[in-house]
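Chemist: You'll find data10.cif just under this line, and it carries mmCIF, C-alpha atoms.
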```cif
data_protein
loop_
_atom_site.label_atom_id
_atom_site.label_comp_id
_atom_site.auth_asym_id
_atom_site.auth_seq_id
_atom_site.Cartn_x
_atom_site.Cartn_y
_atom_site.Cartn_z
CA MET A 1 0.00 0.00 0.00
CA GLU A 2 1.36 3.41 -0.98
CA ASN A 3 1.89 5.77 1.93
CA HIS A 4 2.34 9.54 1.61
CA LEU A 5 1.65 10.19 5.27
CA THR A 6 3.94 11.39 8.05
CA VAL A 7 3.86 10.14 11.62
CA LEU A 8 5.03 11.27 15.05
CA ILE A 9 5.83 8.69 17.73
CA CYS A 10 5.64 10.07 21.25
CA ASP A 11 6.61 7.80 24.14
CA ASP A 12 9.08 8.26 26.98
CA SER A 13 10.23 4.69 26.41
CA LEU A 14 13.17 4.27 24.05
CA LEU A 15 12.15 0.63 23.53
CA ILE A 16 8.59 1.49 22.51
CA ARG A 17 9.81 4.27 20.18
CA LYS A 18 12.26 1.83 18.59
CA LYS A 19 9.62 -0.89 18.10
CA LEU A 20 7.03 1.55 16.77
CA ARG A 21 9.59 3.09 14.40
CA GLU A 22 10.36 -0.37 12.98
CA THR A 23 6.65 -0.89 12.33
CA MET A 24 6.27 2.56 10.75
CA GLU A 25 9.26 1.86 8.50
CA LYS A 26 7.58 -1.34 7.32
CA LEU A 27 4.45 0.70 6.60
CA LYS A 28 6.60 3.03 4.48
CA PHE A 29 5.72 6.34 6.12
CA LYS A 30 7.18 9.33 4.27
CA GLU A 31 8.61 10.82 7.47
CA ILE A 32 8.83 9.43 11.01
CA TYR A 33 9.36 11.90 13.86
CA GLU A 34 9.93 11.11 17.53
CA ALA A 35 9.27 12.86 20.85
CA GLU A 36 10.02 11.76 24.41
CA ASN A 37 7.33 13.70 26.25
CA GLY A 38 4.17 15.74 25.79
CA VAL A 39 5.92 19.10 25.58
CA ALA A 40 8.26 17.87 22.83
CA ALA A 41 5.31 16.25 21.02
CA ILE A 42 3.44 19.55 20.75
CA GLU A 43 6.64 21.25 19.49
CA GLN A 44 7.09 18.55 16.82
CA VAL A 45 3.43 18.89 15.79
CA LYS A 46 3.86 22.67 15.37
CA GLN A 47 7.01 22.11 13.34
CA HIS A 48 6.07 19.15 11.13
CA ASN A 49 2.26 18.89 11.23
CA PRO A 50 2.22 15.05 10.98
CA ASP A 51 -0.86 13.17 9.74
CA ILE A 52 -0.79 10.61 12.56
CA VAL A 53 0.51 10.71 16.14
CA PHE A 54 1.07 7.69 18.37
CA LEU A 55 0.89 9.05 21.90
CA ASP A 56 1.71 7.41 25.23
CA ILE A 57 -0.31 8.47 28.30
CA VAL A 58 1.94 8.06 31.36
CA MET A 59 4.88 10.39 30.63
CA PRO A 60 6.88 12.98 32.53
CA ASP A 61 6.60 16.67 31.45
CA LYS A 62 2.97 16.77 30.33
CA ASP A 63 1.14 13.46 30.15
CA GLY A 64 -0.54 12.06 27.05
CA ILE A 65 -4.02 13.44 27.73
CA GLU A 66 -2.67 16.98 28.17
CA ALA A 67 -0.51 16.54 25.07
CA LEU A 68 -3.57 15.30 23.14
CA LYS A 69 -5.42 18.52 24.02
CA GLY A 70 -2.39 20.58 22.93
CA ILE A 71 -2.03 18.72 19.63
CA LYS A 72 -5.73 19.12 18.83
CA GLU A 73 -5.41 22.88 19.48
CA VAL A 74 -2.62 23.07 16.90
CA ASN A 75 -4.45 20.95 14.33
CA PRO A 76 -7.76 19.22 15.10
CA ASP A 77 -7.46 17.02 11.97
CA ILE A 78 -4.41 15.08 13.18
CA LYS A 79 -5.32 11.48 13.95
CA VAL A 80 -4.00 10.79 17.44
CA ILE A 81 -3.76 7.15 18.54
CA MET A 82 -3.25 6.70 22.25
CA VAL A 83 -0.86 3.89 23.18
CA SER A 84 -0.90 3.10 26.86
CA SER A 85 -0.49 0.40 29.47
CA VAL A 86 -3.34 2.03 31.40
CA GLY A 87 -6.37 1.03 29.36
CA THR A 88 -8.97 1.69 32.05
CA SER A 89 -12.42 2.71 30.84
CA ASN A 90 -11.92 6.14 32.46
CA LYS A 91 -8.71 6.80 30.52
CA LEU A 92 -10.27 5.50 27.31
CA LYS A 93 -13.27 7.78 27.78
CA GLU A 94 -11.07 10.76 28.60
CA ALA A 95 -8.94 10.16 25.48
CA LEU A 96 -11.93 9.78 23.16
CA GLU A 97 -13.68 12.82 24.65
CA ASN A 98 -10.59 14.84 23.86
CA GLY A 99 -10.57 13.77 20.25
CA ALA A 100 -8.37 10.64 20.15
CA HIS A 101 -8.87 8.60 16.98
CA ASP A 102 -8.13 5.24 18.62
CA PHE A 103 -6.71 3.62 21.75
CA VAL A 104 -4.18 0.79 21.83
CA GLN A 105 -3.45 -1.07 25.05
CA LYS A 106 0.15 -2.14 25.77
CA PRO A 107 1.75 -4.62 25.26
CA ILE A 108 1.59 -3.36 21.72
CA ASN A 109 0.26 -5.78 19.16
CA PHE A 110 1.95 -4.64 15.97
CA GLU A 111 -0.70 -6.24 13.81
CA THR A 112 -3.29 -4.02 15.49
CA ILE A 113 -1.13 -0.96 14.83
CA THR A 114 -0.75 -2.00 11.19
CA LYS A 115 -4.51 -2.43 10.81
CA ILE A 116 -5.23 1.01 12.29
CA VAL A 117 -2.75 2.62 9.90
CA GLU A 118 -4.10 0.68 6.90
CA ASN A 119 -7.63 1.84 7.73
CA ILE A 120 -6.49 5.46 7.92
CA LEU A 121 -4.73 5.03 4.56
CA LYS A 122 -7.90 3.54 3.02
CA GLU A 123 -10.02 6.41 4.33
CA GLY A 124 -7.55 8.73 2.62
CA MET B 1 4.11 -22.49 37.78
CA PHE B 2 3.30 -25.14 40.39
CA SER B 3 6.21 -27.28 39.23
CA GLN B 4 8.67 -24.51 40.18
CA TYR B 5 7.20 -24.27 43.67
CA PHE B 6 6.89 -27.97 44.17
CA GLY B 7 10.41 -28.48 42.80
CA HIS B 8 11.75 -26.11 45.43
CA TYR B 9 9.69 -27.85 48.09
CA LEU B 10 11.37 -31.14 47.14
CA LEU B 11 14.73 -29.37 47.27
CA ASN B 12 14.06 -27.84 50.70
CA ARG B 13 12.97 -31.21 52.03
CA GLY B 14 16.25 -32.73 50.83
CA LEU B 15 14.42 -35.14 48.52
CA ILE B 16 16.39 -33.97 45.51
CA THR B 17 19.54 -31.89 45.01
CA ASN B 18 19.74 -28.48 43.39
CA THR B 19 21.56 -29.96 40.39
CA GLN B 20 18.85 -32.59 39.98
CA LEU B 21 16.13 -29.92 40.21
CA GLN B 22 17.78 -27.67 37.61
CA ASP B 23 18.33 -30.68 35.37
CA ALA B 24 14.71 -31.81 35.77
CA LEU B 25 13.35 -28.31 35.14
CA GLU B 26 15.40 -28.06 31.95
CA TYR B 27 14.46 -31.59 30.95
CA GLN B 28 10.74 -31.02 31.56
CA GLU B 29 10.81 -28.28 28.92
CA THR B 30 11.75 -30.89 26.35
CA VAL B 31 9.47 -33.80 27.29
CA HIS B 32 5.81 -34.40 26.82
CA VAL B 33 4.16 -36.07 29.74
CA LYS B 34 3.50 -39.67 29.05
CA PHE B 35 0.01 -40.95 29.47
CA GLY B 36 1.11 -43.57 31.99
CA VAL B 37 2.41 -41.00 34.45
CA ILE B 38 -0.92 -39.18 34.45
CA ALA B 39 -2.90 -42.43 34.64
CA VAL B 40 -1.04 -43.42 37.82
CA ASP B 41 -1.32 -39.90 39.23
CA LYS B 42 -5.09 -39.96 38.70
CA GLY B 43 -5.33 -43.41 40.28
CA PHE B 44 -6.72 -44.99 37.10
CA MET B 45 -3.90 -47.48 36.67
CA THR B 46 -1.14 -49.10 38.71
CA SER B 47 2.53 -48.76 37.84
CA ALA B 48 2.60 -52.45 36.81
CA GLN B 49 -0.28 -51.94 34.38
CA VAL B 50 1.48 -48.93 32.88
CA ASP B 51 4.65 -51.00 32.40
CA GLU B 52 2.61 -53.70 30.69
CA VAL B 53 1.07 -51.19 28.25
CA HIS B 54 4.53 -49.74 27.55
CA GLU B 55 5.81 -53.22 26.72
CA LYS B 56 2.88 -53.80 24.34
CA GLN B 57 3.54 -50.39 22.75
CA LYS B 58 7.00 -51.56 21.75
CA GLN B 59 5.39 -54.31 19.71
CA MET B 60 2.51 -52.51 18.08
CA ASP B 61 1.92 -49.09 16.56
CA LYS B 62 -0.89 -48.03 18.84
CA ARG B 63 -1.43 -45.20 21.27
CA PHE B 64 -1.13 -45.76 25.01
CA GLY B 65 -4.85 -45.04 25.50
CA GLU B 66 -5.96 -47.50 22.84
CA ILE B 67 -3.95 -50.37 24.33
CA ALA B 68 -5.04 -49.57 27.89
CA VAL B 69 -8.69 -49.62 26.79
CA GLU B 70 -8.19 -52.94 24.97
CA LEU B 71 -6.64 -54.43 28.10
CA GLY B 72 -9.53 -53.11 30.18
CA TYR B 73 -7.34 -50.85 32.31
CA LEU B 74 -8.97 -47.60 31.16
CA THR B 75 -12.41 -46.60 29.92
CA GLU B 76 -12.89 -44.27 26.94
CA ASN B 77 -14.00 -41.54 29.34
CA GLN B 78 -10.86 -41.91 31.40
CA VAL B 79 -8.77 -41.59 28.24
CA GLU B 80 -10.57 -38.32 27.45
CA GLU B 81 -9.91 -37.07 30.95
CA LEU B 82 -6.24 -37.98 30.71
CA ILE B 83 -5.89 -36.08 27.45
CA SER B 84 -7.31 -32.97 29.09
CA HIS B 85 -4.87 -33.32 31.98
CA GLN B 86 -1.87 -33.95 29.80
CA LYS B 87 -0.76 -30.34 29.80
CA GLN B 88 -0.55 -29.89 33.56
CA GLY B 89 2.85 -28.44 34.20
CA TYR B 90 3.82 -30.21 37.38
CA LEU B 91 3.48 -33.57 35.72
CA TYR B 92 6.31 -32.56 33.42
CA LEU B 93 8.40 -32.26 36.56
CA ALA B 94 7.25 -35.69 37.76
CA GLN B 95 8.06 -37.12 34.36
CA ALA B 96 11.49 -35.49 34.32
CA LEU B 97 12.39 -36.63 37.85
CA VAL B 98 11.19 -40.19 37.25
CA ASP B 99 12.77 -40.48 33.80
CA ARG B 100 16.08 -39.24 35.17
CA GLY B 101 15.94 -41.73 38.02
CA TYR B 102 16.04 -39.04 40.73
CA MET B 103 12.77 -40.17 42.32
CA THR B 104 10.30 -43.00 41.90
CA MET B 105 6.68 -42.25 41.05
CA ASP B 106 5.75 -43.43 44.57
CA GLN B 107 8.16 -40.99 46.20
CA PHE B 108 6.81 -38.17 44.06
CA SER B 109 3.19 -39.00 44.95
CA SER B 110 3.94 -39.20 48.63
CA ALA B 111 5.79 -35.85 48.53
CA LEU B 112 2.73 -34.33 46.82
CA ASN B 113 0.53 -35.59 49.66
CA ASP B 114 2.90 -34.17 52.28
CA TYR B 115 2.87 -30.84 50.49
CA LYS B 116 -0.91 -30.76 50.51
CA LYS B 117 -0.98 -31.52 54.26
CA GLU B 118 1.77 -29.06 55.12
CA TYR B 119 -0.09 -26.15 53.54
CA SER B 120 -3.50 -27.38 54.77
CA LEU B 121 -4.87 -27.41 51.25
CA SER B 122 -8.36 -28.71 50.58
CA ASP B 123 -8.85 -31.04 47.62
CA SER B 124 -10.28 -28.24 45.49
CA GLU B 125 -7.52 -25.79 46.46
CA PHE B 126 -4.88 -28.38 45.71
CA GLU B 127 -6.51 -29.18 42.38
CA ALA B 128 -6.66 -25.45 41.52
CA ILE B 129 -2.95 -25.04 42.29
CA ARG B 130 -2.04 -28.15 40.30
CA SER B 131 -4.08 -26.84 37.37
CA GLY B 132 -2.01 -23.67 37.42
CA SER B 133 -4.13 -21.23 39.46
CA ILE B 134 -1.63 -18.58 40.49
CA GLU B 135 -4.17 -16.78 42.70
CA THR B 136 -4.68 -19.91 44.81
CA LEU B 137 -0.95 -20.50 44.96
CA VAL B 138 -0.22 -16.95 46.12
CA GLU B 139 -3.04 -17.08 48.66
CA HIS B 140 -2.21 -20.46 50.20
CA ILE B 141 1.53 -20.84 49.74
CA LEU B 142 3.26 -17.50 49.25
CA THR B 143 1.27 -15.42 51.72
CA ALA B 144 -0.03 -18.27 53.88
CA ASP B 145 1.40 -16.82 57.10
CA ASN B 146 0.42 -13.22 56.59
CA GLU B 147 -3.18 -12.21 56.16
CA GLU B 148 -2.41 -8.51 55.99
CA ILE B 149 -0.02 -8.97 53.06
CA ARG B 150 -2.52 -11.25 51.35
CA GLU B 151 -5.33 -8.72 51.62
CA LYS B 152 -3.34 -5.69 50.55
CA LEU B 153 -0.90 -7.15 48.07
CA GLY B 154 -2.21 -10.58 47.03
CA ASN B 155 -3.76 -9.39 43.77
CA TYR B 156 -0.67 -7.44 42.88
CA ILE B 157 1.67 -10.37 43.58
CA SER B 158 -0.52 -12.83 41.63
CA LEU B 159 -0.55 -10.54 38.62
CA PHE B 160 3.21 -9.99 38.84
CA ALA B 161 3.76 -13.76 38.87
CA LYS B 162 1.55 -14.08 35.78
CA ASN B 163 3.31 -11.26 33.95
CA MET B 164 6.72 -12.72 34.78
CA ILE B 165 5.56 -15.97 33.18
CA ARG B 166 3.88 -14.24 30.26
CA PHE B 167 6.65 -11.81 29.31
CA ILE B 168 9.91 -12.95 30.89
CA ASP B 169 10.36 -16.48 32.16
CA ARG B 170 8.03 -19.48 32.27
CA GLN B 171 10.05 -20.82 35.20
CA ALA B 172 9.90 -17.69 37.34
CA LEU B 173 9.53 -18.38 41.05
CA LEU B 174 8.38 -15.88 43.68
CA GLU B 175 8.92 -16.16 47.41
CA ILE B 176 8.87 -13.79 50.35
CA GLY B 177 12.45 -12.54 50.60
CA ASP B 178 14.78 -10.78 52.99
CA LYS B 179 14.92 -7.03 53.24
CA VAL B 180 17.41 -5.33 50.94
CA ASN B 181 18.68 -1.87 51.75
CA GLU B 182 21.05 -1.24 48.89
CA THR B 183 20.73 -2.22 45.27
CA LYS B 184 22.68 -1.68 42.05
CA TRP B 185 19.56 -0.63 40.17
CA LEU B 186 16.20 0.46 41.49
CA VAL B 187 13.27 0.90 39.11
CA SER B 188 10.34 2.36 40.99
CA GLN B 189 6.84 3.53 40.23
CA GLN B 190 4.20 5.04 42.48
CA ILE B 191 0.57 4.08 42.20
CA GLU B 192 -1.79 6.68 43.59
CA GLY B 193 -5.44 6.72 44.62
CA ALA B 194 -7.59 4.98 47.23
CA SER B 195 -5.08 2.12 47.68
CA PRO B 196 -1.69 3.64 46.91
CA LEU B 197 1.36 1.48 46.38
CA PHE B 198 5.09 1.90 46.12
CA THR B 199 6.34 -0.63 43.58
CA ALA B 200 9.96 -1.26 42.65
CA LEU B 201 12.40 -3.75 41.22
CA ALA B 202 15.78 -4.00 42.98
CA ILE B 203 18.04 -5.70 40.49
CA ASP B 204 21.68 -6.32 39.62
CA ASP B 205 23.31 -6.19 36.17
CA GLU B 206 22.87 -9.89 35.35
CA ALA B 207 19.16 -10.15 36.12
CA LEU B 208 18.51 -6.72 34.59
CA LEU B 209 20.03 -7.80 31.28
CA TYR B 210 18.05 -11.05 31.35
CA VAL B 211 14.69 -9.38 32.06
CA ALA B 212 15.40 -6.52 29.64
CA SER B 213 16.42 -8.88 26.81
CA LYS B 214 13.36 -11.08 27.30
CA TYR B 215 11.00 -8.13 27.46
CA ALA B 216 12.53 -6.34 24.47
CA GLU B 217 12.66 -9.65 22.57
CA GLU B 218 16.23 -8.95 21.56
CA GLU B 219 19.64 -9.73 23.04
CA ILE B 220 20.89 -6.82 25.15
CA ALA B 221 24.50 -7.38 26.22
CA GLU B 222 25.23 -4.34 28.36
CA VAL B 223 23.30 -2.13 30.73
CA ASP B 224 22.77 0.67 28.23
CA GLU B 225 19.85 3.07 27.74
CA LEU B 226 17.78 0.41 25.97
CA ALA B 227 18.32 -2.12 28.79
CA LYS B 228 17.38 0.43 31.46
CA ASP B 229 14.37 1.49 29.44
CA ALA B 230 13.20 -2.09 28.87
CA ILE B 231 13.26 -2.98 32.58
CA SER B 232 11.40 0.25 33.40
CA GLU B 233 8.86 -0.40 30.68
CA PHE B 234 8.24 -3.91 32.01
CA LEU B 235 7.33 -2.51 35.43
CA ASN B 236 5.23 0.20 33.76
CA LEU B 237 3.38 -2.35 31.65
CA HIS B 238 2.72 -4.60 34.64
CA ASN B 239 1.45 -1.70 36.74
CA GLY B 240 -0.75 -0.57 33.86
CA ILE B 241 -2.40 -3.99 33.70
CA TYR B 242 -2.82 -3.89 37.49
CA LEU B 243 -4.60 -0.53 37.20
CA VAL B 244 -6.93 -1.97 34.56
CA ASN B 245 -7.74 -4.95 36.80
CA MET B 246 -8.35 -2.70 39.80
CA SER B 247 -10.56 -0.45 37.68
CA ASN B 248 -12.60 -3.48 36.62
CA TRP B 249 -13.05 -4.28 40.33
CA GLY B 250 -14.23 -0.72 41.00
CA THR B 251 -11.07 0.97 42.30
CA GLU B 252 -9.71 3.76 40.12
CA LEU B 253 -5.98 4.34 40.52
CA THR B 254 -3.40 6.38 38.64
CA MET B 255 0.33 5.93 38.29
CA ASN B 256 3.29 8.26 37.96
CA PRO B 257 6.11 7.82 35.45
CA GLN B 258 8.67 5.27 36.61
CA HIS B 259 12.15 6.19 37.86
CA LEU B 260 15.44 4.35 37.59
CA LYS B 261 18.25 4.96 40.05
CA GLU B 262 21.74 3.50 40.23
CA ASN B 263 23.24 2.44 43.60
CA ALA B 264 20.05 3.22 45.48
CA LYS B 265 19.16 2.84 49.14
CA VAL B 266 15.56 1.99 50.02
CA THR B 267 14.05 2.15 53.47
CA GLY B 268 10.51 2.00 54.83
CA ASP B 269 7.63 -0.35 55.41
CA ILE B 270 8.48 -2.63 52.49
CA LEU B 271 7.62 -6.22 51.60
CA PRO B 272 10.49 -7.77 49.64
CA ILE B 273 9.63 -10.61 47.27
CA THR B 274 12.47 -12.56 45.73
CA VAL B 275 11.87 -13.37 42.07
CA LYS B 276 14.05 -16.22 40.83
CA THR B 277 14.55 -16.51 37.10
CA GLN B 278 16.56 -18.92 35.00
CA ASN B 279 19.24 -16.24 34.89
CA GLY B 280 19.62 -14.54 38.23
CA SER B 281 17.28 -13.20 40.90
CA PHE B 282 15.91 -9.82 41.76
CA GLN B 283 13.52 -8.36 44.29
CA LEU B 284 10.08 -6.96 43.84
CA LEU B 285 9.64 -4.35 46.58
CA LEU B 286 6.13 -3.37 47.59
CA SER B 287 4.70 -1.01 50.13
CA ALA B 288 1.07 -0.23 50.83
CA ASN B 289 2.41 2.70 52.80
CA PRO B 290 4.30 4.67 50.12
CA ALA B 291 4.57 7.85 52.20
CA MET B 292 6.91 5.94 54.54
CA VAL B 293 9.24 4.76 51.76
CA LYS B 294 12.49 6.62 51.28
CA VAL B 295 14.72 6.17 48.23
CA GLU B 296 18.21 7.70 48.30
#
```
So, in terms of structure tokens, how does the structure I just supplied come out?
Modeler:
Amino acid sequence: MENHLTVLICDDSLLIRKKLRETMEKLKFKEIYEAENGVAAIEQVKQHNPDIVFLDIVMPDKDGIEALKGIKEVNPDIKVIMVSSVGTSNKLKEALENGAHDFVQKPINFETITKIVENILKEG
Amino acid sequence: MFSQYFGHYLLNRGLITNTQLQDALEYQETVHVKFGVIAVDKGFMTSAQVDEVHEKQKQMDKRFGEIAVELGYLTENQVEELISHQKQGYLYLAQALVDRGYMTMDQFSSALNDYKKEYSLSDSEFEAIRSGSIETLVEHILTADNEEIREKLGNYISLFAKNMIRFIDRQALLEIGDKVNETKWLVSQQIEGASPLFTALAIDDEALLYVASKYAEEEIAEVDELAKDAISEFLNLHNGIYLVNMSNWGTELTMNPQHLKENAKVTGDILPITVKTQNGSFQLLLSANPAMVKVE
């Protein structure tokens, strides 16, 4: 599948960023950006305006929900996919209420991630 | 899981040596439990009958169950039941110990009975543990002497045991440990809310590399940023799953980002749990009184 989209991976975990980057490379994203915390994520969004953001929730320096609000203020059309180990119904609700496109519970299933991206690509 | 605990019980009782246990645990990974062992364990057949079927098997290309039914030693229903029990982990240990000549089947059975008596297990509790129920094992074996720990930390410990098996090491073994004050690495994470918890892993280089490599699913040879991140992420993932479970039971909790500290000192009202893996040990440190915990 052809992919003209750009993506930002935001997670304080080096391991998760590495694994997600490998998956994004397989999905042939045009550009892959990375951020380690919510503050850096919003900066990257202002700078690069990515099509998709993978966003962790539990992070130092602005958590994922706050970062989600900030990203949506910059560009409400960005598809933000929350990736978190804390998949409680409260967190899920909070994320969706603030405009998250989807929610993925850790441990990350890379097939799920691939499906989400493929659906976004199909929707154009 | 039960086979690890029962294996250590046999070791502590002097019934087998440490070398024999390690050998049996490695061997059990490679063997499939033979029908005969389960048939004797279930009381369906005697050892002599099993030997007879094995002899017949050498002469004809038939399954153990088929021959035993033909000889009238087993019914079809019993064969079905044996198939469903074939995957019980502890029987792999029995098989390994018997095959290696370290114990006889009789000695193994009698040790099982002693174990059941020693921990005052009812038939159904014992059956649950043998079938792999970690909750029952944590409740009746690991925290048997301490009701307070069981109430406050039982769920957490059970889940940690499961996640160790799921992500790191199928042979992981947890037991209440001795207090540690100093540790090479301390990964800690605070859980906040109605039932707050201090959670931490106190770990040395060897065990850290083992856990990190298993969790990252790649070989990590030195304690670099990736190794430190992987061990932290494992604790974070486990705590996240714990929060989801607690939420499903009606208690909403939150957690802070995890911290990693080198050469740390930990003091406070802490329960240390030793986690033995195939490659080194570490401690899971828990406190239901996080305000009293001091990390330096």
Chemist: At what distance in Å, to one decimal, does atom CA of B:Gln107 lie from atom CA of B:Ser122?
Modeler: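 Atom-to-atom, atom CA of B:Ser122 and atom CA of B:Gln107 are spaced 21.0 Å apart.
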Chemist: Restricting the calculation to all atoms listed in the file, which member of A:Asn3, A:Gln44, A:Thr88, A:Thr23 is positioned closest to chain B?
Modeler: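 Smallest distance to chain B is found for A:Thr88.
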Chemist: I'd like the residues picked by the PyMOL selection byres ((chain B) within 10 of (chain A)) written out as a tab-separated table (two decimals) with C-alpha atoms, in the coordinates of the input, using the chain letters and numbers from the file.
Modeler:
```
chain	number	residue	atom	x	y	z
B	167	PHE	CA	6.65	-11.81	29.31
B	212	ALA	CA	15.40	-6.52	29.64
B	215	TYR	CA	11.00	-8.13	27.46
B	216	ALA	CA	12.53	-6.34	24.47
B	225	GLU	CA	19.85	3.07	27.74
B	226	LEU	CA	17.78	0.41	25.97
B	227	ALA	CA	18.32	-2.12	28.79
B	228	LYS	CA	17.38	0.43	31.46
B	229	ASP	CA	14.37	1.49	29.44
B	230	ALA	CA	13.20	-2.09	28.87
B	231	ILE	CA	13.26	-2.98	32.58
B	232	SER	CA	11.40	0.25	33.40
B	233	GLU	CA	8.86	-0.40	30.68
B	234	PHE	CA	8.24	-3.91	32.01
B	236	ASN	CA	5.23	0.20	33.76
B	237	LEU	CA	3.38	-2.35	31.65
B	238	HIS	CA	2.72	-4.60	34.64
B	239	ASN	CA	1.45	-1.70	36.74
B	240	GLY	CA	-0.75	-0.57	33.86
B	241	ILE	CA	-2.40	-3.99	33.70
B	242	TYR	CA	-2.82	-3.89	37.49
B	243	LEU	CA	-4.60	-0.53	37.20
B	244	VAL	CA	-6.93	-1.97	34.56
B	245	ASN	CA	-7.74	-4.95	36.80
B	246	MET	CA	-8.35	-2.70	39.80
B	247	SER	CA	-10.56	-0.45	37.68
B	248	ASN	CA	-12.60	-3.48	36.62
B	252	GLU	CA	-9.71	3.76	40.12
B	253	LEU	CA	-5.98	4.34	40.52
B	254	THR	CA	-3.40	6.38	38.64
B	255	MET	CA	0.33	5.93	38.29
B	256	ASN	CA	3.29	8.26	37.96
B	257	PRO	CA	6.11	7.82	35.45
B	258	GLN	CA	8.67	5.27	36.61
```
Chemist: When the PyMOL selection byres ((chain B and resi 35-37) around 12) is applied to the file above, which residues end up in the set, as an MDAnalysis selection string?
Modeler: chainID B and resid 32:34 38:55 57 63:68 73:74 78:88 90:99 104:106 108:109
Chemist: Take the PyMOL selection byres ((chain B and resi 206) around 12), apply it to the structure above, and return the hits as a list of chain:residue names.
Modeler: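 In the shown coordinates, the PyMOL selection byres ((chain B and resi 206) around 12) covers B:Lys184, B:Trp185, B:Ala202, B:Ile203, B:Asp204, B:Asp205, B:Ala207, B:Leu208, B:Leu209, B:Tyr210, B:Val211, B:Ala212, B:Ser213, B:Ile220, B:Ala221, B:Glu222, B:Val223, B:Ala227, B:Thr277, B:Gln278, B:Asn279, B:Gly280, B:Ser281, B:Phe282.
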Chemist: Write out as a list of chain:residue names which residues come within 10 Å of B:Met292 when counting all atoms listed in the file, dropping same-chain ones fewer than 2 positions away.
Modeler: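 Final neighbour list, sorted by chain and number: B:Phe198, B:Thr267, B:Gly268, B:Asp269, B:Ile270, B:Ser287, B:Ala288, B:Asn289, B:Pro290, B:Lys294.
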Chemist: What does the structure give for the distance between atom CA of A:Leu27 and atom CA of A:Phe54, in Å to one decimal?
Modeler: 14.1 Å
Chemist: Work out how far atom CA of B:Val187 is from atom CA of B:Leu284, in Å to one decimal.
Modeler: 9.7 Å
Chemist: Please list as number ranges by chain every residue within 12 Å of B:Arg170, counting all atoms listed in the file and excluding residues in the same chain fewer than 5 positions away.
Modeler: B: 1-4, 25-26, 28-29, 89, 161-165, 214, 276-279
Chemist: Would you save the residues of that selection, restricted to C-alpha atoms, as a short mmCIF file (atom, residue, chain, number, x, y, z; two decimals), in the frame of the given file?
Modeler:
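The new file selection-v7.cif reads:
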```cif
data_model
loop_
_atom_site.label_atom_id
_atom_site.label_comp_id
_atom_site.auth_asym_id
_atom_site.auth_seq_id
_atom_site.Cartn_x
_atom_site.Cartn_y
_atom_site.Cartn_z
CA MET B 1 4.11 -22.49 37.78
CA PHE B 2 3.30 -25.14 40.39
CA SER B 3 6.21 -27.28 39.23
CA GLN B 4 8.67 -24.51 40.18
CA LEU B 25 13.35 -28.31 35.14
CA GLU B 26 15.40 -28.06 31.95
CA GLN B 28 10.74 -31.02 31.56
CA GLU B 29 10.81 -28.28 28.92
CA GLY B 89 2.85 -28.44 34.20
CA ALA B 161 3.76 -13.76 38.87
CA LYS B 162 1.55 -14.08 35.78
CA ASN B 163 3.31 -11.26 33.95
CA MET B 164 6.72 -12.72 34.78
CA ILE B 165 5.56 -15.97 33.18
CA LYS B 214 13.36 -11.08 27.30
CA LYS B 276 14.05 -16.22 40.83
CA THR B 277 14.55 -16.51 37.10
CA GLN B 278 16.56 -18.92 35.00
CA ASN B 279 19.24 -16.24 34.89
#
```
Chemist: My list of candidates is B:Val138, B:Ile149, B:Ala144, B:Leu121. Which is closest to B:Tyr5 when distances are computed with all atoms listed in the file?
Modeler: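 Going through B:Val138, B:Ile149, B:Ala144, B:Leu121 one by one, the smallest distance to B:Tyr5 is for B:Val138.
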Chemist: For B:Leu286, list every protein, DNA or RNA residue within 7 Å, evaluated using only C-alpha atoms, and leave out those in the same chain fewer than 3 positions away; present the list as a PDB file with C-alpha atoms, keeping the file's coordinate frame.
Modeler:
```pdb
ATOM      1  CA  LEU B 197       1.360   1.480  46.380  1.00  0.00           C
ATOM      2  CA  PHE B 198       5.090   1.900  46.120  1.00  0.00           C
ATOM      3  CA  THR B 199       6.340  -0.630  43.580  1.00  0.00           C
ATOM      4  CA  ALA B 200       9.960  -1.260  42.650  1.00  0.00           C
ATOM      5  CA  ILE B 270       8.480  -2.630  52.490  1.00  0.00           C
ATOM      6  CA  LEU B 271       7.620  -6.220  51.600  1.00  0.00           C
ATOM      7  CA  PRO B 272      10.490  -7.770  49.640  1.00  0.00           C
TER       8      PRO B 272
END
```
Chemist: Here is a test: counting all atoms listed in the file, which residue of B:Tyr102, B:Ala111, B:Val69, B:Gly177 is nearest to B:Asn18?
Modeler: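 Of B:Tyr102, B:Ala111, B:Val69, B:Gly177, the one nearest B:Asn18, counting all atoms listed in the file, is B:Tyr102.
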Chemist: If we count only C-alpha atoms, what is near A:Pro50 at a cut-off of 9 Å, once residues fewer than 5 positions away on the same chain are taken out, given as a PyMOL selection string?
Modeler: chain A and resi 5-8+31-33+44-45+78-79
Chemist: Could you tell me which of A:Val83, A:Val74, A:Cys10, A:Ile42 comes closest to A:Phe110 if we count all atoms listed in the file?
Modeler: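 Smallest separation from A:Phe110 among the options: A:Val83.
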Chemist: Using only C-alpha atoms, collect all residues at a distance of at most 8 Å from (13.1, -14.9, 48.6) as written in the file, then present them as a list in words.
Modeler: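 The answer, in the requested form, is Leu174, Glu175, Ile176, Gly177, Asp178, Pro272, Ile273, Thr274, Val275, Lys276 and Gln283 of chain B.
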Chemist: I need the residue nearest A:Lys46 from this list: A:Lys72, A:Lys26, A:Lys62, A:Arg17. Use only C-alpha atoms for the distance.
Modeler: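 The answer is A:Lys72, which sits nearest to A:Lys46.
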